[in-house]
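Asks: My questions will all concern the structure given below.
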Amino acid sequence: MANHDLILGQRHNLGMGQNQQLVLGHNHNMGLNQNHDLELGQTHEHHLDLGQQNHELGLGHPHDHDLDLGQNHDQEGGDGHGYGHENELAMERKPEHGDHEMPLPAQNHELALSENNELGVSENQELDENLDLAVDQHQELAIEPVQDMDVHHSQLVVSGSPVLQCAAEGCPWRIHAAKLPGVPTFTIRTIHESHTCGGISHLGHQQASVQWVANSVEQRLRENPNYKPKEILEEIHRVHGITLSYKQAWRGKERIMAAMRGSFEEGYRLLPQYCEQVKRTNPGSIASVYGNPADNCFQRLFISFQASIYGFLNACRPLLGLDRTFLKSKYLGTLLLATGFDGDGALFPLAFGVVDEENDDNWMWFLSELHNLLEINTENMPRLTILSDRQKGIVDGVEANFPTAFHGFCMRHLSESFRKEFNNTILVNLLWEAAHALTVIEFEAKILEIEEISQDAAYWIRRIPPRLWATAYFEGTRFGHLTANIVESLNSWILEASGLPIIQMMECIRRQLMTWFNERRETSMQWTSILVPSAERRVAEALERARTYQVLRANEAEFEVISHEGTNIVDIRNRCCLCRGWQLYGLPCAHAVAALLSCRQNVHRFTESCFTVATYRKTYSQTIHPIPDKSLWKELSEGDPNASKSADIVIHPPKSLRPPGRPRKKRVRAEDRGRVKRVVHCSRCNQTGHFRTTCAAPI
């Protein structure tokens, strides 16, 4: 509609009703369709009457609205005379005698601004019987939305319309502004501050969208990703006076977090490329992802860093703990862990697996992958000792992949089952004492104590073979570790990582390992002792006790050690003592220390090599290297045929599966009958009646 002016004849007035003003912005024309000009005669006065007595030109609701679009605008008449005194197009309601009226129907008229700031009338509106006002059917007559509003010192900064009013019908709240010349600001002409609709304090304000919430808290979330939705609600109410629903705050946070860390779906899609980056930046590492052959939905991920493999095979105790934790992310799943123990007793994560659900097949797969990475150097590996909760899938997997390994119960799982069955703290403590007993006599004494309290508890314990859990009967070497205790020990950060998208979760794990390796490597460089600190303390305690023992020598290797506890036989050649402490812990017991001192041997030479500082430094001698940002993967992988193949593989998110474990019984207690139940809401599927952690709905 450019280059079209409203051409009026001489002495023609354009009227819009009583007390109405129309001020057009500079360089804006009141235009019609390209092929239609409004031409009026020379000898008559014409009035353009928009509406009846009570009809007003409004934007939104029928209130007294003034449309003010700036200053310095001209209206040109047909003979060149200018109309529009002081930039106003005055509209008189009553026509003069003899004048012709051009009435516009009182209803169904829309007067708005198009993108080119031209004033148009809705399509197919008739001015009168003989004169039609044709408007471009493709013009959209709408006010641009207001997005960012700032009110400072009576100035309104807007990017859209200068007339704002409350969306609630009948509410008088309204702001009328005019643009200031030469600056990108508006001055407020009229403001009605009070709302009759409740203002912005009500729940679910229309303009407080999810994106607005996200923009409001973006900086805070970048500084503190643990910023909770409840805290977002409180801050927005305190700063803006707006009451939001919890779901709005949660969705706003999720939108920012997705922008910061990537979406859950993108995480699965980029897994093949991520695995290639792990192998590229950490040569010798194992990283593989597997999808369902039918639909390419995610099934399994296995990652083990070369630094961890080297440290475990060459310096760690030959002891592995198996554990798992359920993921709290959008698509659930399970994180499987295989963890060793360094010479100082700290956890040494070896391998990680992510599976769509915990079942026997996935445990068999995980243990076969674990066997493959350890198989590289099996000739240097002693017989492994494996600790787990001994569920069927793990037992079958260990027997198939590590047939020579000693497989024992993790006492944490065993004691929790025992506690649930009997709920007696004294019995639980006696169970742990029985597990720690070094000799069969001590073990049986503890079982008899349990039997005196509860025969059912003693029967429950005897049903489980003691060779699987009791130190006195266990054939492997656990170095005093009765529990795998992996998840509990990693609780400080593993639980937080379990709610992230899969790549972000694995990156959180990698960064933690990288930090551990560096910190422990630097710490060990400051040690001046022969043994690691924990081993030094145990040997010092043994030395203190050994001073009161009497030692009798039988030959160059065999000794009889007499103490107030009784007599024990020590063989320093085979590194064993009748108390079994030396064999079980890998460090000389007090009896062995007494025998070694009697023949002037260095006690430190008779400890397992994994306890020496030199071996400890070897454990962390390798480095876990950083992985570049995903935006650089394509550029860094150019020319790599493996990377190009991985880019062609697309892994879809897994299908939601029923959470593992036995379904909980819905038992109604007598005191709960008749009580109004609280409605719970699932943040994953948006349904009621269950929580996110128990959600089994497909996504």
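Chain lettering (A, B, ...) mirrors the order of the structure tokens, residue numbering begins at 1 for each chain separately, and ligand numbering begins at 1 in order of display.
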Can you list every residue in range 390-493 of chain A that DSSP puts in strand (DSSP E), as a ChimeraX atom specification?

Replies: /A:406-409

Asks: Pick from A:Leu271, A:Ala484, A:Val355, A:Leu513: nearest to Trp633 in chain A, with only C-alpha atoms counted?

Replies: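 The shortest atom-to-atom distance to Trp633 in chain A comes from A:Leu271.
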
Asks: What is the CA of Arg412 in chain A to CA of Thr483 in chain A distance in Å?

Replies: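 Separation between CA of Arg412 in chain A and CA of Thr483 in chain A: 5.8 Å.
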
Asks: Got a sec: who's within 9 Å of Gly480 in chain A, counting only C-alpha atoms, leaving out chain neighbours fewer than 5 positions off, as a PyMOL selection string?

Replies: chain A and resi 436+471+584-585

Asks: Just list the residues in range 195-415 of chain A DSSP gives alpha helix (DSSP H) on the backbone, as a PyMOL selection string.

Replies: chain A and resi 210-223+229-240+246-261+264-269+271-281+306-315+360-374+392-401+411-415

Asks: One number please: CA of Ser194 in chain A to CA of Val163 in chain A, in Å, one decimal.

Replies: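 CA of Ser194 in chain A sits 16.1 Å away from CA of Val163 in chain A.
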